[in-house]
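Enquirer: Got a file for you: coords-v6.tsv, TSV, C-alpha atoms.
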chain	number	residue	atom	x	y	z
S	1013	MET	CA	-51.24	-80.70	25.34
S	1014	LYS	CA	-51.94	-82.57	28.56
S	1015	SER	CA	-54.20	-85.59	28.70
S	1016	ARG	CA	-55.23	-88.33	31.12
S	1017	TYR	CA	-54.61	-92.03	30.61
S	1018	ASN	CA	-56.63	-94.32	32.89
S	1019	TYR	CA	-55.74	-97.92	33.73
S	1020	ARG	CA	-57.40	-100.58	35.85
S	1021	VAL	CA	-55.39	-101.85	38.84
S	1022	TYR	CA	-55.90	-104.90	41.05
S	1023	PRO	CA	-54.45	-104.35	44.54
S	1024	THR	CA	-54.01	-107.19	47.01
S	1025	SER	CA	-56.01	-107.43	50.23
S	1026	GLN	CA	-53.23	-105.77	52.20
S	1027	GLN	CA	-52.89	-103.00	49.62
S	1028	LYS	CA	-56.66	-102.41	49.69
S	1029	THR	CA	-56.40	-101.83	53.43
S	1030	LEU	CA	-53.53	-99.36	52.92
S	1031	LEU	CA	-55.45	-97.59	50.16
S	1032	SER	CA	-58.54	-97.33	52.33
S	1033	GLN	CA	-56.40	-95.75	55.03
S	1034	LEU	CA	-54.93	-93.33	52.47
S	1035	PHE	CA	-58.34	-92.35	51.10
S	1036	GLY	CA	-59.63	-91.83	54.62
S	1037	CYS	CA	-56.73	-89.55	55.56
S	1038	THR	CA	-57.11	-87.38	52.44
S	1039	ARG	CA	-60.85	-87.16	53.07
S	1040	VAL	CA	-60.38	-86.17	56.73
S	1041	VAL	CA	-57.83	-83.49	55.84
S	1042	TRP	CA	-60.19	-82.05	53.20
S	1043	ASN	CA	-63.22	-82.07	55.51
S	1044	ASP	CA	-61.33	-80.58	58.48
S	1045	ALA	CA	-59.93	-77.76	56.36
S	1046	LEU	CA	-63.30	-77.10	54.74
S	1047	ALA	CA	-65.07	-76.94	58.11
S	1048	TYR	CA	-62.44	-74.51	59.36
S	1049	CYS	CA	-62.87	-72.29	56.28
S	1050	GLN	CA	-66.64	-72.23	56.75
S	1051	GLN	CA	-66.25	-71.28	60.41
S	1052	THR	CA	-63.78	-68.56	59.42
S	1053	TYR	CA	-66.31	-67.14	56.97
S	1054	THR	CA	-69.04	-67.25	59.64
S	1055	ASN	CA	-66.79	-65.23	61.96
S	1056	GLY	CA	-66.41	-62.54	59.28
S	1057	GLU	CA	-62.78	-63.31	58.44
S	1058	THR	CA	-61.19	-63.81	55.02
S	1059	TYR	CA	-60.08	-67.08	53.42
S	1060	PRO	CA	-56.90	-68.23	55.25
S	1061	GLY	CA	-55.03	-69.59	52.20
S	1062	PHE	CA	-53.12	-72.79	51.42
S	1063	ASN	CA	-50.04	-72.10	53.59
S	1064	HIS	CA	-52.09	-71.53	56.71
S	1065	LEU	CA	-54.23	-74.63	56.05
S	1066	SER	CA	-51.17	-76.79	55.41
S	1067	LYS	CA	-49.51	-75.70	58.63
S	1068	LYS	CA	-52.64	-76.17	60.74
S	1069	PHE	CA	-54.02	-79.43	59.31
S	1070	LEU	CA	-50.79	-81.21	58.40
S	1071	THR	CA	-47.81	-80.01	60.44
S	1072	GLN	CA	-49.67	-79.29	63.66
S	1073	ALA	CA	-52.35	-81.95	63.26
S	1074	LYS	CA	-49.76	-84.77	63.13
S	1075	LYS	CA	-48.57	-83.73	66.60
S	1076	ASN	CA	-52.11	-83.98	67.97
S	1077	GLU	CA	-53.21	-87.27	69.53
S	1078	THR	CA	-56.51	-87.26	67.64
S	1079	ARG	CA	-54.77	-86.90	64.25
S	1080	ASN	CA	-51.35	-88.52	64.78
S	1081	TRP	CA	-52.38	-91.40	62.47
S	1082	LEU	CA	-51.90	-89.02	59.52
S	1083	LYS	CA	-48.18	-89.90	59.77
S	1084	ASP	CA	-48.92	-93.49	58.70
S	1085	VAL	CA	-49.59	-92.47	55.08
S	1086	SER	CA	-47.59	-90.49	52.55
S	1087	SER	CA	-47.72	-86.73	53.03
S	1088	ILE	CA	-47.86	-86.07	49.26
S	1089	PRO	CA	-51.58	-86.86	48.70
S	1090	LEU	CA	-52.46	-84.96	51.89
S	1091	GLN	CA	-50.79	-81.82	50.54
S	1092	GLN	CA	-52.45	-82.35	47.14
S	1093	SER	CA	-55.83	-82.61	48.86
S	1094	LEU	CA	-55.34	-79.17	50.43
S	1095	LYS	CA	-54.14	-77.79	47.09
S	1096	ASP	CA	-57.30	-79.09	45.44
S	1097	LEU	CA	-59.37	-77.40	48.14
S	1098	ASP	CA	-57.47	-74.15	47.62
S	1099	THR	CA	-58.09	-74.37	43.85
S	1100	ALA	CA	-61.79	-75.06	44.42
S	1101	PHE	CA	-62.13	-71.99	46.62
S	1102	HIS	CA	-60.32	-69.74	44.15
S	1103	ASN	CA	-62.50	-71.00	41.29
S	1104	PHE	CA	-65.57	-70.30	43.41
S	1105	PHE	CA	-64.38	-66.78	44.21
S	1106	SER	CA	-63.58	-66.12	40.53
S	1107	SER	CA	-67.02	-67.36	39.54
S	1108	CYS	CA	-68.70	-65.07	42.08
S	1109	ASN	CA	-66.91	-61.89	40.95
S	1110	GLY	CA	-67.37	-62.69	37.25
S	1111	THR	CA	-63.74	-63.26	36.26
S	1112	ARG	CA	-64.33	-66.94	35.50
S	1113	LYS	CA	-66.27	-67.87	32.36
S	1114	GLY	CA	-69.04	-70.42	32.30
S	1115	PRO	CA	-71.86	-71.23	34.72
S	1116	LYS	CA	-71.72	-70.15	38.33
S	1117	LEU	CA	-69.83	-72.53	40.60
S	1118	LYS	CA	-70.90	-73.60	44.06
S	1119	PRO	CA	-68.54	-73.64	47.06
S	1120	PRO	CA	-66.64	-76.87	47.87
S	1121	ARG	CA	-68.59	-79.60	49.61
S	1122	PHE	CA	-67.64	-82.22	52.18
S	1123	LYS	CA	-66.46	-85.61	50.91
S	1124	LYS	CA	-68.35	-88.79	51.73
S	1125	ARG	CA	-66.97	-92.22	52.44
S	1126	LYS	CA	-69.41	-94.08	50.14
S	1127	SER	CA	-68.77	-91.98	47.04
S	1128	ASN	CA	-65.71	-91.98	44.77
S	1129	GLN	CA	-62.38	-91.77	46.62
S	1130	SER	CA	-59.18	-90.34	45.19
S	1131	ALA	CA	-55.60	-89.52	46.16
S	1132	ARG	CA	-53.01	-87.84	43.92
S	1133	PHE	CA	-49.25	-88.40	43.94
S	1134	THR	CA	-46.63	-86.23	42.26
S	1135	LYS	CA	-43.44	-87.52	40.60
S	1136	SER	CA	-41.62	-88.14	43.88
S	1137	GLY	CA	-44.37	-90.43	45.17
S	1138	PHE	CA	-44.47	-93.14	42.48
S	1139	LYS	CA	-42.28	-95.03	40.04
S	1140	ILE	CA	-43.30	-96.94	36.92
S	1141	LYS	CA	-41.76	-100.37	36.43
S	1142	GLN	CA	-42.17	-102.87	33.62
S	1143	ASN	CA	-45.48	-104.42	34.67
S	1144	LYS	CA	-46.20	-102.65	37.94
S	1145	VAL	CA	-46.27	-99.22	39.56
S	1146	TYR	CA	-44.55	-98.59	42.87
S	1147	VAL	CA	-46.32	-96.11	45.15
S	1148	ALA	CA	-44.94	-94.70	48.37
S	1149	LYS	CA	-46.15	-96.65	51.46
S	1150	ILE	CA	-48.41	-98.79	49.27
S	1151	GLY	CA	-45.99	-101.02	47.37
S	1152	ASN	CA	-46.02	-102.49	43.87
S	1153	LEU	CA	-49.44	-102.47	42.21
S	1154	LYS	CA	-50.47	-104.75	39.36
S	1155	VAL	CA	-51.61	-102.59	36.42
S	1156	ILE	CA	-53.44	-103.63	33.25
S	1157	TRP	CA	-51.59	-101.65	30.57
S	1158	SER	CA	-54.34	-101.39	27.97
S	1159	ARG	CA	-52.22	-98.93	25.96
S	1160	PRO	CA	-48.69	-97.55	26.33
S	1161	LEU	CA	-48.03	-94.20	27.96
S	1162	PRO	CA	-46.96	-91.60	25.36
S	1163	SER	CA	-44.58	-89.85	27.76
S	1164	ALA	CA	-43.43	-89.78	31.36
S	1165	PRO	CA	-46.39	-88.83	33.61
S	1166	SER	CA	-46.20	-85.75	35.83
S	1167	SER	CA	-48.69	-87.12	38.40
S	1168	VAL	CA	-50.90	-90.10	39.10
S	1169	THR	CA	-54.29	-90.22	40.83
S	1170	PHE	CA	-55.64	-93.27	42.61
S	1171	ILE	CA	-59.39	-93.60	42.08
S	1172	LYS	CA	-61.79	-95.96	43.80
S	1173	ASP	CA	-65.35	-95.75	42.52
S	1174	ALA	CA	-68.56	-96.72	44.30
S	1175	ALA	CA	-68.41	-100.20	42.74
S	1176	ASP	CA	-65.07	-100.91	44.48
S	1177	ARG	CA	-63.04	-100.69	41.27
S	1178	TYR	CA	-59.54	-99.22	41.41
S	1179	PHE	CA	-57.96	-97.09	38.68
S	1180	LEU	CA	-54.74	-95.18	38.06
S	1181	SER	CA	-55.10	-91.90	36.17
S	1182	PHE	CA	-51.81	-90.56	34.73
S	1183	VAL	CA	-51.37	-86.98	33.51
S	1184	VAL	CA	-49.10	-87.04	30.45
S	1185	GLU	CA	-47.99	-84.64	27.75
S	1186	ILE	CA	-49.14	-85.65	24.26
S	1187	ASN	CA	-48.45	-84.35	20.76
S	1188	PRO	CA	-51.29	-85.78	18.65
S	1189	ALA	CA	-50.69	-86.04	14.93
S	1190	LYS	CA	-53.04	-83.91	12.86
S	1191	LEU	CA	-55.37	-85.88	10.63
S	1192	PRO	CA	-55.10	-85.26	6.86
S	1193	GLU	CA	-57.46	-82.55	5.70
S	1194	ASN	CA	-60.49	-83.33	3.55
S	1195	THR	CA	-63.41	-81.44	2.08
S	1196	GLU	CA	-66.17	-83.23	4.01
S	1197	SER	CA	-68.46	-81.40	6.40
S	1198	VAL	CA	-71.45	-82.62	8.39
S	1199	GLY	CA	-74.38	-81.16	10.29
S	1200	ILE	CA	-75.51	-83.11	13.36
S	1201	ASP	CA	-79.04	-82.97	14.74
S	1202	LEU	CA	-79.36	-84.59	18.17
S	1203	GLY	CA	-82.62	-86.27	19.11
S	1204	ILE	CA	-84.27	-88.75	21.46
S	1205	LEU	CA	-85.68	-91.36	19.07
S	1206	ASP	CA	-82.42	-91.32	17.11
S	1207	PHE	CA	-79.33	-90.16	18.97
S	1208	ALA	CA	-78.04	-88.23	15.95
S	1209	THR	CA	-79.19	-87.53	12.41
S	1210	LEU	CA	-76.46	-86.50	9.98
S	1211	SER	CA	-76.93	-84.12	7.08
S	1212	ASN	CA	-76.14	-86.95	4.64
S	1213	GLY	CA	-79.32	-88.73	5.77
S	1214	GLU	CA	-77.74	-91.28	8.12
S	1215	LYS	CA	-79.44	-91.89	11.47
S	1216	ILE	CA	-77.54	-93.21	14.48
S	1217	LYS	CA	-79.29	-95.22	17.17
S	1218	ALA	CA	-78.14	-94.89	20.77
S	1219	PRO	CA	-77.71	-97.94	23.05
S	1220	LYS	CA	-79.78	-96.25	25.83
S	1221	PRO	CA	-78.21	-98.41	28.56
S	1222	LEU	CA	-80.34	-97.00	31.38
S	1223	LYS	CA	-83.61	-97.73	29.57
S	1224	ALA	CA	-82.47	-101.29	28.76
S	1225	ARG	CA	-81.54	-102.01	32.40
S	1226	LEU	CA	-84.15	-99.94	34.21
S	1227	LYS	CA	-86.17	-102.96	35.32
S	1228	ARG	CA	-83.16	-104.62	36.94
S	1229	LEU	CA	-82.06	-101.34	38.51
S	1230	ARG	CA	-85.46	-100.87	40.13
S	1231	LYS	CA	-85.36	-104.41	41.49
S	1232	LEU	CA	-81.91	-103.91	43.04
S	1233	GLN	CA	-82.89	-100.56	44.52
S	1234	ARG	CA	-86.00	-102.07	46.11
S	1235	LYS	CA	-83.86	-104.76	47.72
S	1236	LEU	CA	-81.42	-102.12	48.94
S	1237	SER	CA	-84.18	-100.07	50.56
S	1238	LYS	CA	-85.32	-103.09	52.60
S	1239	LYS	CA	-81.90	-103.77	54.14
S	1240	GLN	CA	-81.08	-102.47	57.60
S	1241	LYS	CA	-78.75	-99.48	57.60
S	1242	GLY	CA	-75.22	-100.32	58.70
S	1243	SER	CA	-75.56	-104.05	58.06
S	1244	ASN	CA	-73.31	-106.16	55.83
S	1245	ARG	CA	-76.25	-107.18	53.66
S	1246	ARG	CA	-77.03	-103.55	52.94
S	1247	GLU	CA	-73.41	-102.97	51.92
S	1248	ARG	CA	-73.53	-105.92	49.52
S	1249	ALA	CA	-76.81	-104.65	48.06
S	1250	ARG	CA	-75.32	-101.17	47.67
S	1251	LYS	CA	-72.36	-102.57	45.72
S	1252	LYS	CA	-74.71	-104.41	43.35
S	1253	VAL	CA	-76.51	-101.16	42.57
S	1254	ALA	CA	-73.18	-99.34	42.15
S	1255	ARG	CA	-71.85	-102.01	39.77
S	1256	LEU	CA	-74.95	-101.75	37.60
S	1257	HIS	CA	-74.63	-97.95	37.49
S	1258	ALA	CA	-70.96	-98.33	36.54
S	1259	LYS	CA	-71.88	-100.71	33.70
S	1260	ILE	CA	-74.49	-98.28	32.40
S	1261	LYS	CA	-71.98	-95.46	32.43
S	1262	ASP	CA	-69.29	-97.54	30.68
S	1263	ILE	CA	-71.67	-98.56	27.86
S	1264	ARG	CA	-72.73	-94.95	27.29
S	1265	THR	CA	-69.16	-93.60	27.37
S	1266	ASP	CA	-67.91	-96.31	24.99
S	1267	PHE	CA	-70.62	-95.46	22.44
S	1268	LEU	CA	-69.97	-91.71	22.66
S	1269	HIS	CA	-66.20	-92.15	22.25
S	1270	LYS	CA	-66.51	-94.43	19.22
S	1271	PHE	CA	-69.12	-92.28	17.47
S	1272	SER	CA	-67.31	-88.98	18.10
S	1273	THR	CA	-64.01	-90.46	16.90
S	1274	ARG	CA	-65.65	-91.69	13.72
S	1275	LEU	CA	-67.10	-88.24	12.96
S	1276	ILE	CA	-63.73	-86.58	13.59
S	1277	ARG	CA	-61.93	-88.95	11.24
S	1278	GLU	CA	-64.45	-88.65	8.39
S	1279	ASN	CA	-65.15	-84.89	8.39
S	1280	GLN	CA	-63.09	-81.73	8.33
S	1281	THR	CA	-65.87	-79.51	9.74
S	1282	LEU	CA	-68.55	-80.50	12.22
S	1283	VAL	CA	-71.57	-78.31	13.00
S	1284	LEU	CA	-73.74	-78.83	16.07
S	1285	GLU	CA	-76.70	-76.99	17.52
S	1286	ASP	CA	-76.37	-75.30	20.91
S	1287	LEU	CA	-79.00	-77.14	22.95
S	1288	ASN	CA	-80.15	-75.98	26.37
S	1289	THR	CA	-79.59	-79.38	27.96
S	1290	ALA	CA	-79.74	-78.06	31.53
S	1291	GLY	CA	-83.17	-76.60	30.87
S	1292	MET	CA	-84.47	-79.59	28.93
S	1293	VAL	CA	-83.72	-82.07	31.73
S	1294	LYS	CA	-86.09	-80.10	33.98
S	1295	ASN	CA	-88.94	-81.56	31.95
S	1296	ARG	CA	-90.00	-84.51	34.08
S	1297	LYS	CA	-91.26	-86.42	31.04
S	1298	LEU	CA	-88.00	-86.17	29.08
S	1299	SER	CA	-85.32	-85.81	31.75
S	1300	ARG	CA	-84.50	-89.52	32.06
S	1301	ALA	CA	-84.36	-90.06	28.28
S	1302	ILE	CA	-82.12	-87.00	27.74
S	1303	SER	CA	-79.80	-87.95	30.60
S	1304	ASP	CA	-79.53	-91.48	29.23
S	1305	LEU	CA	-78.24	-90.14	25.88
S	1306	GLY	CA	-75.40	-87.94	27.15
S	1307	TRP	CA	-75.70	-84.97	24.79
S	1308	ARG	CA	-73.41	-82.67	26.76
S	1309	THR	CA	-70.70	-85.32	27.09
S	1310	PHE	CA	-70.87	-85.92	23.33
S	1311	ARG	CA	-70.43	-82.21	22.62
S	1312	ASN	CA	-67.43	-81.99	24.95
S	1313	MET	CA	-65.84	-85.00	23.26
S	1314	LEU	CA	-66.29	-83.53	19.79
S	1315	GLU	CA	-64.85	-80.20	20.90
S	1316	ALA	CA	-61.80	-81.77	22.55
S	1317	LYS	CA	-61.05	-84.20	19.71
S	1318	ALA	CA	-61.50	-81.50	17.06
S	1319	GLN	CA	-58.89	-79.37	18.81
S	1320	MET	CA	-56.62	-82.38	19.23
S	1321	TYR	CA	-56.69	-83.59	15.61
S	1322	GLY	CA	-56.95	-80.30	13.74
S	1323	ARG	CA	-60.65	-80.35	12.86
S	1324	GLU	CA	-63.09	-77.43	12.90
S	1325	PHE	CA	-65.99	-77.62	15.33
S	1326	ARG	CA	-68.79	-75.05	15.05
S	1327	ILE	CA	-71.81	-74.33	17.23
S	1328	ILE	CA	-74.88	-72.53	15.88
S	1329	SER	CA	-77.43	-70.61	17.92
S	1330	ARG	CA	-80.19	-72.55	19.65
S	1331	TRP	CA	-82.68	-70.00	18.27
S	1332	GLU	CA	-81.97	-70.93	14.65
S	1333	PRO	CA	-85.28	-72.33	13.22
S	1334	THR	CA	-83.69	-75.50	11.86
S	1335	SER	CA	-86.90	-77.56	12.23
S	1336	GLN	CA	-89.15	-74.87	10.73
S	1337	ARG	CA	-87.05	-73.91	7.70
S	1338	CYS	CA	-87.24	-75.82	4.43
S	1339	SER	CA	-83.78	-77.11	3.49
S	1340	ASN	CA	-84.66	-76.88	-0.21
S	1341	CYS	CA	-85.99	-73.31	-0.64
S	1342	GLY	CA	-85.06	-71.73	2.68
S	1343	GLU	CA	-88.56	-70.55	3.61
S	1344	ILE	CA	-89.85	-70.88	7.17
S	1345	GLY	CA	-93.03	-72.92	7.31
S	1346	GLY	CA	-93.93	-72.34	10.96
S	1347	LYS	CA	-93.60	-74.22	14.21
S	1348	LYS	CA	-94.39	-77.94	14.18
S	1349	GLU	CA	-95.33	-80.34	16.95
S	1350	LEU	CA	-92.83	-83.01	17.97
S	1351	SER	CA	-95.22	-85.68	16.72
S	1352	VAL	CA	-94.81	-84.37	13.14
S	1353	ARG	CA	-91.90	-86.43	11.79
S	1354	GLU	CA	-92.46	-85.71	8.07
S	1355	TRP	CA	-93.90	-82.67	6.32
S	1356	THR	CA	-94.26	-81.05	2.91
S	1357	CYS	CA	-93.12	-77.50	2.20
S	1358	LEU	CA	-95.96	-75.16	1.12
S	1359	TYR	CA	-93.56	-73.00	-0.89
S	1360	CYS	CA	-91.65	-75.46	-3.05
S	1361	GLY	CA	-93.53	-78.73	-2.50
S	1362	ALA	CA	-90.49	-80.64	-1.20
S	1363	HIS	CA	-91.19	-83.53	1.15
S	1364	HIS	CA	-88.91	-83.64	4.22
S	1365	ASP	CA	-87.97	-85.93	7.01
S	1366	ARG	CA	-87.98	-83.69	10.08
S	1367	ASP	CA	-84.58	-84.74	11.46
S	1368	ILE	CA	-82.73	-84.89	8.14
S	1369	ASN	CA	-84.10	-81.46	7.19
S	1370	ALA	CA	-82.90	-80.04	10.53
S	1371	ALA	CA	-79.43	-81.60	10.07
S	1372	VAL	CA	-79.09	-80.00	6.61
S	1373	ASN	CA	-80.16	-76.61	8.00
S	1374	ILE	CA	-77.62	-76.96	10.82
S	1375	LYS	CA	-74.91	-77.60	8.26
S	1376	VAL	CA	-75.96	-74.57	6.17
S	1377	ALA	CA	-76.26	-72.35	9.25
S	1378	GLY	CA	-72.71	-73.34	10.20
S	1379	GLY	CA	-71.42	-71.63	7.07
S	1380	HIS	CA	-71.20	-74.60	4.68
S	1381	LEU	CA	-73.48	-74.18	1.69
S	1382	GLU	CA	-74.70	-77.24	-0.17
S	1383	THR	CA	-74.88	-75.36	-3.46
S	1384	LEU	CA	-74.00	-71.90	-4.67
S	1385	ASN	CA	-77.25	-70.49	-3.33
S	1386	GLY	CA	-77.10	-72.60	-0.18
S	1387	ARG	CA	-80.11	-74.82	-0.96
S	1388	GLY	CA	-81.06	-77.67	-3.23
S	1389	GLY	CA	-82.31	-75.51	-6.11
S	1390	LYS	CA	-83.85	-72.25	-7.20
S	1391	ARG	CA	-87.04	-71.00	-5.60
S	1392	LYS	CA	-90.18	-71.74	-7.59
S	1393	THR	CA	-92.10	-68.71	-8.89
S	1394	LYS	CA	-95.60	-68.23	-10.21
S	1395	PRO	CA	-96.18	-65.89	-13.18
S	1396	ASN	CA	-98.22	-62.75	-12.62
S	1397	LEU	CA	-101.38	-63.31	-14.78
S	1398	ALA	CA	-102.56	-59.70	-14.45
S	1399	ALA	CA	-99.39	-58.34	-16.00
S	1400	PRO	CA	-97.82	-61.06	-18.17
S	1401	ASP	CA	-95.14	-58.74	-19.54
S	1402	GLU	CA	-93.80	-57.81	-16.15
S	1403	ALA	CA	-91.21	-59.87	-14.33
S	1404	SER	CA	-92.62	-62.74	-12.32
S	1405	THR	CA	-92.75	-62.34	-8.55
S	1406	PRO	CA	-92.11	-65.03	-5.94
S	1407	PHE	CA	-95.16	-67.06	-5.08
S	1408	LYS	CA	-95.65	-67.22	-1.29
S	1409	PRO	CA	-98.70	-68.97	0.15
S	1410	VAL	CA	-100.51	-67.10	2.91
S	1411	GLN	CA	-102.21	-68.80	5.85
S	1412	LEU	CA	-105.78	-67.44	6.10
S	1413	SER	CA	-107.81	-67.27	9.28
S	1414	LEU	CA	-111.61	-67.56	9.36
S	1415	PHE	CA	-111.90	-65.52	12.57
As structure tokens, what does this structure read like?
Expert:
Amino acid sequence: MKSRYNYRVYPTSQQKTLLSQLFGCTRVVWNDALAYCQQTYTNGETYPGFNHLSKKFLTQAKKNETRNWLKDVSSIPLQQSLKDLDTAFHNFFSSCNGTRKGPKLKPPRFKKRKSNQSARFTKSGFKIKQNKVYVAKIGNLKVIWSRPLPSAPSSVTFIKDAADRYFLSFVVEINPAKLPENTESVGIDLGILDFATLSNGEKIKAPKPLKARLKRLRKLQRKLSKKQKGSNRRERARKKVARLHAKIKDIRTDFLHKFSTRLIRENQTLVLEDLNTAGMVKNRKLSRAISDLGWRTFRNMLEAKAQMYGREFRIISRWEPTSQRCSNCGEIGGKKELSVREWTCLYCGAHHDRDINAAVNIKVAGGHLETLNGRGGKRKTKPNLAAPDEASTPFKPVQLSLF
């Protein structure tokens, strides 16, 4: 199994200049090739392919006076940039003809100078030393080894984010040890007030980093909007906004990693509801709160870690009435408004917390029964007074309408 290990690096001033030149060259090669492919499509021709793009925008471009500065950087990341473009086009074509699973993909887009920059090197372009990493035409880079590499990396990607932070991302082969099996299982109900409610009754609060720093973010964005475009003051204001966004993202990712790892270690089976997150964020009243929680990222983490450590991860249908069904008797009591946080079942009289009841139903719907009959106890019945000798029939209240 392949995995990525990211490390923070601190290049010198000279190395930052060389890295900026490298990022610019990879971005220019990508944009030139993409513009050529779009023009080819406009002319009614087919996609030229990687070999043609490599010959035109690397071999021939280096001989041109307007692109001869491409020879000043390593050719490895330039070739990898064209390979990434070729992969993006093939994924787009596969998505259009239906051979690729998942949501429809859009065609590749042009890269911008202000967004994240990246450049990938293969084995021949870098060498790992004791405390540093040597990169072709860049030199020795100081790396913060937060954890050891499990194996020799097959490639490394330089990443510069919008906050001017530099990272090295190694692709390594890992053989994770399977966790010891246990008999625990858990149903997880995701929410906004509480990030997650577990079927054992525990409620997990989310840090909500965007909500906690929204006032400061608005202040920095107002200052940014007042700066003149192209000025140094605007660039400094932009970096302040980018650093705050990076901090918000790091807080959210740290919480999701720690919580998902805890669930994987404690439970053998995890059951989650299939939420339509893409549709829910279109609600202008809830979009910011849902995006601040990171539901989809949490689901992806659980799925990946369950596969890595030998756990079972199950997804139930989004149409399962987990909030309407009583977790004690199994009867459906009807749709309830979001403001209703507690309710009493009309069939068995059990009093429920809305989120805990939904988490228990998610666990049961995932195939793990709490008892032999799947609920907390037997269904209550009312004797038939008209025929006392006959067998009693289930008592089911009926909602009457006056009109």
Enquirer: Take atom CA of S:Ser1066 and atom CA of S:Val1041 and report the distance between them in Å, one decimal.
Expert: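 Rounded to one decimal, the two atoms are 9.5 Å apart.
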Enquirer: Under the rule that only C-alpha atoms are counted, which of S:Ser1106, S:Asn1340, S:Ser1329, S:Thr1195 is the nearest residue to S:Leu1282?
Expert: S:Thr1195
Enquirer: Any idea what the distance is between atom CA of S:Pro1188 and atom CA of S:Arg1326?
Expert: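 Between these atoms lies a distance of 20.8 Å.
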Enquirer: Set the distance at 7 Å and use all atoms listed in the file: which residues neighbour stretch 1163-1172 of chain S once local chain neighbours fewer than 4 positions away are removed? I'd like the list as a list of chain:residue names.
Expert: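 That gives S:Asn1128, S:Gln1129, S:Ser1130, S:Ala1131, S:Arg1132, S:Phe1133, S:Thr1134, S:Lys1135, S:Asp1176, S:Arg1177, S:Tyr1178, S:Phe1179, S:Leu1180, S:Ser1181, S:Phe1182, S:Val1183, S:Val1184, S:Glu1185.
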Enquirer: At a cut-off of 9 Å, using all atoms listed in the file, what residues contact stretch 1337-1339 of chain S? Leave out same-chain residues fewer than 4 positions from it and give the result as a PDB file with C-alpha atoms, in the coordinates of the input.
Expert:
ATOM      1  CA  PRO S1333     -85.280 -72.330  13.220  1.00  0.00           C
ATOM      2  CA  GLU S1343     -88.560 -70.550   3.610  1.00  0.00           C
ATOM      3  CA  ILE S1344     -89.850 -70.880   7.170  1.00  0.00           C
ATOM      4  CA  GLY S1345     -93.030 -72.920   7.310  1.00  0.00           C
ATOM      5  CA  GLY S1346     -93.930 -72.340  10.960  1.00  0.00           C
ATOM      6  CA  THR S1356     -94.260 -81.050   2.910  1.00  0.00           C
ATOM      7  CA  CYS S1357     -93.120 -77.500   2.200  1.00  0.00           C
ATOM      8  CA  TYR S1359     -93.560 -73.000  -0.890  1.00  0.00           C
ATOM      9  CA  CYS S1360     -91.650 -75.460  -3.050  1.00  0.00           C
ATOM     10  CA  ALA S1362     -90.490 -80.640  -1.200  1.00  0.00           C
ATOM     11  CA  HIS S1364     -88.910 -83.640   4.220  1.00  0.00           C
ATOM     12  CA  ASN S1369     -84.100 -81.460   7.190  1.00  0.00           C
ATOM     13  CA  ALA S1370     -82.900 -80.040  10.530  1.00  0.00           C
ATOM     14  CA  VAL S1372     -79.090 -80.000   6.610  1.00  0.00           C
ATOM     15  CA  ASN S1373     -80.160 -76.610   8.000  1.00  0.00           C
ATOM     16  CA  VAL S1376     -75.960 -74.570   6.170  1.00  0.00           C
ATOM     17  CA  GLY S1386     -77.100 -72.600  -0.180  1.00  0.00           C
ATOM     18  CA  ARG S1387     -80.110 -74.820  -0.960  1.00  0.00           C
ATOM     19  CA  GLY S1388     -81.060 -77.670  -3.230  1.00  0.00           C
TER      20      GLY S1388
END
Enquirer: What is the distance between atom CA of S:Phe1069 and atom CA of S:Tyr1048, in Å to one decimal?
Expert: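 Computing it gives 9.8 Å between the two atoms.
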Enquirer: Might you pull out every residue within 10 Å of stretch 1269-1273 of chain S, with only C-alpha atoms counted and same-chain residues fewer than 5 positions away left off, and present them as an MDAnalysis selection string?
Expert: chainID S and resid 1208 1216 1218 1264 1278 1309:1315 1317:1318
Enquirer: Which of these, S:Trp1307, S:Arg1121, S:Asn1194, S:Thr1209, has the shortest distance to S:Asn1288 once you count only C-alpha atoms?
Expert: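 So, comparing all the options, the nearest one is S:Trp1307.
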Enquirer: Starting from the structure just given, write a file holding stretch 1258-1279 of chain S with C-alpha atoms, as a compact mmCIF listing (two decimals), in the first residue's frame.
Expert:
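Saved file decode.txt follows:
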# COMPACT_ATOMS: atom_id res chain seq x y z
CA ALA S 1258 -3.87 27.67 6.69
CA LYS S 1259 -4.24 27.72 10.49
CA ILE S 1260 -7.97 27.06 10.21
CA LYS S 1261 -7.34 24.12 7.91
CA ASP S 1262 -4.62 22.66 10.16
CA ILE S 1263 -6.86 22.80 13.26
CA ARG S 1264 -9.70 21.06 11.43
CA THR S 1265 -7.46 18.38 9.92
CA ASP S 1266 -5.77 17.67 13.26
CA PHE S 1267 -9.15 17.15 14.97
CA LEU S 1268 -10.45 14.87 12.21
CA HIS S 1269 -7.27 12.74 12.22
CA LYS S 1270 -7.26 12.28 15.99
CA PHE S 1271 -10.97 11.48 16.23
CA SER S 1272 -10.99 9.05 13.29
CA THR S 1273 -7.90 7.26 14.64
CA ARG S 1274 -9.55 6.88 18.03
CA LEU S 1275 -12.68 5.33 16.51
CA ILE S 1276 -10.61 2.93 14.41
CA ARG S 1277 -8.63 1.75 17.43
CA GLU S 1278 -11.66 1.23 19.69
CA ASN S 1279 -14.12 -0.43 17.28
